[in-house]
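One file, data_5.cif, carrying mmCIF, C-alpha atoms:
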data_input
#
loop_
_atom_site.label_atom_id
_atom_site.label_comp_id
_atom_site.auth_asym_id
_atom_site.auth_seq_id
_atom_site.Cartn_x
_atom_site.Cartn_y
_atom_site.Cartn_z
CA MET A 1 -11.97 -228.52 -23.34
CA GLY A 2 -12.74 -228.39 -19.68
CA PHE A 3 -11.33 -226.28 -16.92
CA GLY A 4 -10.05 -227.48 -13.57
CA SER A 5 -8.40 -230.67 -12.50
CA ARG A 6 -8.75 -233.71 -14.70
CA GLY A 7 -7.55 -235.99 -11.91
CA ALA A 8 -10.56 -235.70 -9.65
CA SER A 9 -14.17 -234.88 -10.01
CA ARG A 10 -16.72 -233.66 -7.59
CA TYR A 11 -18.09 -237.19 -7.52
CA ASP A 12 -15.03 -238.76 -5.90
CA LEU A 13 -15.49 -240.35 -2.51
CA PRO A 14 -14.84 -238.07 0.44
CA GLY A 15 -11.36 -238.46 1.85
CA THR A 16 -9.84 -239.89 -1.34
CA ARG A 17 -6.65 -238.27 -2.53
CA SER A 18 -6.50 -236.54 -5.88
CA ARG A 19 -3.70 -234.95 -7.84
CA GLN A 20 -4.79 -231.62 -6.38
CA ASP A 21 -3.88 -232.88 -2.90
CA GLU A 22 -0.34 -233.73 -3.98
CA SER A 23 0.72 -230.18 -4.77
CA ARG A 24 2.41 -227.90 -2.27
CA SER A 25 -0.10 -225.15 -3.01
CA ALA A 26 -2.96 -227.37 -1.83
CA SER A 27 -1.23 -227.67 1.53
CA VAL A 28 -0.78 -223.90 1.75
CA PHE A 29 -4.40 -223.25 0.82
CA ALA A 30 -5.57 -225.72 3.47
CA LEU A 31 -3.53 -223.79 6.06
CA MET A 32 -4.85 -220.45 4.83
CA LYS A 33 -8.45 -221.65 5.07
CA SER A 34 -7.90 -222.73 8.67
CA TRP A 35 -6.16 -219.48 9.54
CA ALA A 36 -8.94 -217.43 7.97
CA ALA A 37 -11.53 -219.22 10.10
CA ALA A 38 -9.49 -218.60 13.25
CA ILE A 39 -9.08 -214.93 12.37
CA VAL A 40 -12.83 -214.53 11.86
CA VAL A 41 -13.55 -216.16 15.22
CA LEU A 42 -10.99 -213.99 17.04
CA VAL A 43 -12.20 -210.76 15.42
CA LEU A 44 -15.84 -211.58 16.14
CA GLY A 45 -14.98 -212.60 19.69
CA GLY A 46 -12.96 -209.46 20.32
CA TYR A 47 -15.78 -207.33 18.98
CA LEU A 48 -18.37 -209.07 21.15
CA GLN A 49 -16.11 -208.94 24.20
CA GLY A 50 -15.46 -205.24 23.69
CA THR A 51 -19.00 -204.15 22.89
CA VAL A 52 -21.08 -206.44 25.06
CA LEU A 53 -18.98 -207.31 28.09
CA PHE A 54 -16.49 -204.52 28.42
CA GLU A 55 -18.72 -201.54 27.62
CA ASN A 56 -21.61 -202.76 29.77
CA LEU A 57 -19.81 -204.25 32.75
CA ALA A 58 -16.35 -202.74 32.99
CA GLY A 59 -15.53 -199.65 34.95
CA PRO A 60 -12.44 -198.35 36.70
CA GLU A 61 -13.60 -199.67 40.07
CA ARG A 62 -14.36 -203.14 38.67
CA LEU A 63 -11.08 -203.43 36.78
CA GLU A 64 -9.20 -202.92 40.05
CA SER A 65 -10.56 -206.28 41.25
CA PHE A 66 -8.76 -209.44 40.10
CA GLY A 67 -12.04 -211.35 39.94
CA TRP A 68 -13.61 -208.82 37.59
CA ARG A 69 -10.47 -208.73 35.41
CA LEU A 70 -10.60 -212.51 35.25
CA LEU A 71 -14.30 -212.45 34.32
CA LEU A 72 -14.13 -209.59 31.80
CA LEU A 73 -10.73 -210.13 30.20
CA HIS A 74 -9.16 -213.53 30.72
CA LEU A 75 -12.08 -215.99 30.66
CA PRO A 76 -13.45 -214.56 27.39
CA ALA A 77 -9.92 -214.69 25.95
CA THR A 78 -9.78 -218.37 26.88
CA LEU A 79 -13.14 -218.98 25.21
CA TRP A 80 -12.21 -217.17 21.99
CA ALA A 81 -8.79 -218.82 21.74
CA GLY A 82 -10.41 -222.22 22.22
CA LEU A 83 -13.11 -221.56 19.63
CA ALA A 84 -10.58 -220.17 17.15
CA THR A 85 -8.35 -223.22 17.62
CA LEU A 86 -11.29 -225.57 17.22
CA ALA A 87 -12.58 -223.80 14.10
CA ALA A 88 -9.14 -223.83 12.49
CA ALA A 89 -8.54 -227.48 13.39
CA ARG A 90 -11.93 -228.64 12.11
CA LEU A 91 -11.49 -226.83 8.79
CA HIS A 92 -8.02 -228.26 8.24
CA ARG A 93 -8.97 -231.01 5.83
CA GLU A 94 -7.71 -234.45 5.02
CA PRO A 95 -5.12 -235.53 3.84
CA PHE A 96 -3.23 -232.68 5.50
CA ARG A 97 -4.57 -233.48 8.98
CA THR A 98 -2.47 -236.64 9.08
CA SER A 99 0.72 -234.60 9.51
CA SER A 100 0.79 -233.65 13.20
CA ALA A 101 3.11 -230.72 12.65
CA GLN A 102 1.02 -229.29 9.84
CA HIS A 103 -2.21 -229.81 11.77
CA LEU A 104 -0.81 -228.07 14.85
CA LEU A 105 0.42 -225.22 12.67
CA ALA A 106 -3.03 -224.88 11.11
CA ALA A 107 -4.83 -224.92 14.45
CA LEU A 108 -2.52 -222.97 16.76
CA ALA A 109 -0.74 -220.39 14.59
CA VAL A 110 -3.41 -217.70 14.65
CA PRO A 111 -4.32 -217.73 18.38
CA LEU A 112 -0.66 -217.80 19.42
CA ALA A 113 0.39 -215.17 16.88
CA SER A 114 -2.51 -213.02 18.00
CA GLN A 115 -1.32 -213.24 21.59
CA VAL A 116 2.24 -212.32 20.62
CA ALA A 117 1.01 -209.37 18.54
CA ASN A 118 -1.26 -208.22 21.35
CA LEU A 119 1.57 -208.32 23.87
CA ALA A 120 3.89 -206.47 21.50
CA TYR A 121 1.25 -203.80 20.90
CA LEU A 122 0.53 -203.32 24.61
CA TRP A 123 4.09 -203.86 25.87
CA GLY A 124 4.53 -200.37 27.30
CA SER A 125 1.35 -200.44 29.38
CA VAL A 126 0.95 -204.08 30.38
CA VAL A 127 1.93 -205.32 33.84
CA ALA A 128 3.31 -208.74 34.77
CA GLU A 129 -0.12 -210.05 35.76
CA GLY A 130 -1.51 -209.07 32.36
CA ILE A 131 1.29 -210.86 30.53
CA TRP A 132 1.00 -214.07 32.54
CA MET A 133 -2.77 -214.23 32.79
CA SER A 134 -3.44 -213.40 29.14
CA SER A 135 -0.80 -215.88 28.00
CA LEU A 136 -2.20 -218.56 30.30
CA ALA A 137 -5.72 -217.84 29.03
CA VAL A 138 -4.67 -218.28 25.40
CA LEU A 139 -2.68 -221.44 26.16
CA VAL A 140 -5.59 -223.00 28.06
CA GLY A 141 -7.93 -222.08 25.22
CA CYS A 142 -5.57 -223.64 22.65
CA VAL A 143 -5.28 -226.85 24.67
CA ALA A 144 -9.06 -227.01 25.11
CA GLY A 145 -9.63 -226.40 21.39
CA MET A 146 -7.19 -229.15 20.40
CA ALA A 147 -8.73 -231.52 22.94
CA ALA A 148 -12.19 -230.83 21.52
CA ASP A 149 -10.87 -231.44 18.00
CA MET A 150 -9.35 -234.76 19.06
CA ALA A 151 -12.58 -235.76 20.78
CA LEU A 152 -14.58 -234.94 17.67
CA ASP A 153 -12.11 -236.92 15.55
CA ALA A 154 -12.45 -239.91 17.87
CA ARG A 155 -16.23 -239.66 17.72
CA ASP A 156 -16.21 -239.57 13.91
CA THR A 157 -14.19 -242.79 13.62
#
How does the structure come out when it is put into structure tokens?
Amino acid sequence: MGFGSRGASRYDLPGTRSRQDESRSASVFALMKSWAAAIVVLVLGGYLQGTVLFENLAGPERLESFGWRLLLLHLPATLWAGLATLAAARLHREPFRTSSAQHLLAALAVPLASQVANLAYLWGSVVAEGIWMSSLAVLVGCVAGMAADMALDARDT
């Protein structure tokens, strides 16, 4: 009279497949775990960027300069997108990592969806430079996060 899965125990070898891994819900929960990690990283990063960088360094005269906008807005966005992608990719567990499409969906969905939502929210007030630079920042961050994940995978094998 036990609860839980009878097909696997907590003493199974890491990386071995169990009946739990065969279900479609296991795949969805693996994606949700990755997405949750990416959301936490993006929210924390946005909070830190807004409270530490923007409140202390930004001013109307500084935001007129492209260099300051790059430093205060776009480079931190690149960093947070990269860290969110890396966190989501690293938490996406085996055996679901073997599917390239599913792994890319787990790693890239939240940073890219966040960018789309941000652009939709700010559409009336954003200029062409803001669209292109913020999109480029997120794309570069996503590529860097995936490259770091691949490098960590190669190191682990």
(request) Would you kindly translate the PyMOL selection byres ((chain A and resi 75) around 10) into the concrete residues it picks from this file, as a ChimeraX atom specification? (result) /A:69-74,76-81,133-134,137-138,140-141
(request) Would you mind telling me which residue in A:Ser25, A:Ser34, A:Thr85, A:Gln49 lies nearest to Met146 in chain A when using only C-alpha atoms? (result) A:Thr85
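Of the listed residues A:Glu55, A:Ile39, A:Leu112, A:His103, the one whose atoms come nearest to Arg90 in chain A is A:His103, with distances taken using only C-alpha atoms.
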(message) For this structure, which residues satisfy the selection - the PyMOL selection byres ((chain A and resi 145) around 9) - when it is evaluated on the file as given? I want them as a ChimeraX atom specification.
(response) /A:81-87,89,107,140-144,146-150
(request) Step by step, work through what the PyMOL selection byres ((chain A and resi 27) around 12) selects in the shown file, and finish by giving those residues as a ChimeraX atom specification. (result) /A:20-26,28-34,92-99,102-103,105-106
(message) Counting all atoms listed in the file, which residue out of A:Ala58, A:Leu139, A:Asp153, A:Gly50 sits closest to Ser114 in chain A?
(response) A:Leu139
(request) Could you please determine the separation between CA of Val110 in chain A and CA of Ala128 in chain A in Å, to one decimal place? (result) 23.0 Å
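Interatomic distance, CA of Asp156 in chain A against CA of Ser100 in chain A: 18.0 Å.
Here CA of Gly67 in chain A is placed at a distance of 20.0 Å from CA of Leu48 in chain A.
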Taking all atoms of range 67-73 of chain A that the file lists and extending 3 Å past them on each side, where is the centre of the axis-aligned box and how long are its edges? Answer in Å to one decimal, as AutoDock Vina command-line options.
--center_x -12.4 --center_y -210.6 --center_z 35.1 --size_x 9.8 --size_y 9.8 --size_z 15.7
(request) May I ask which of the residues A:Pro60, A:Ala151, A:Leu44, A:Trp35 is the closest one to Leu104 in chain A, counting only C-alpha atoms? (result) A:Trp35
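Each of A:Val116, A:Ala101, A:Ile131, A:Ala88 was checked against Ala36 in chain A using all atoms listed in the file; the smallest atom-to-atom distance is that of A:Ala88.
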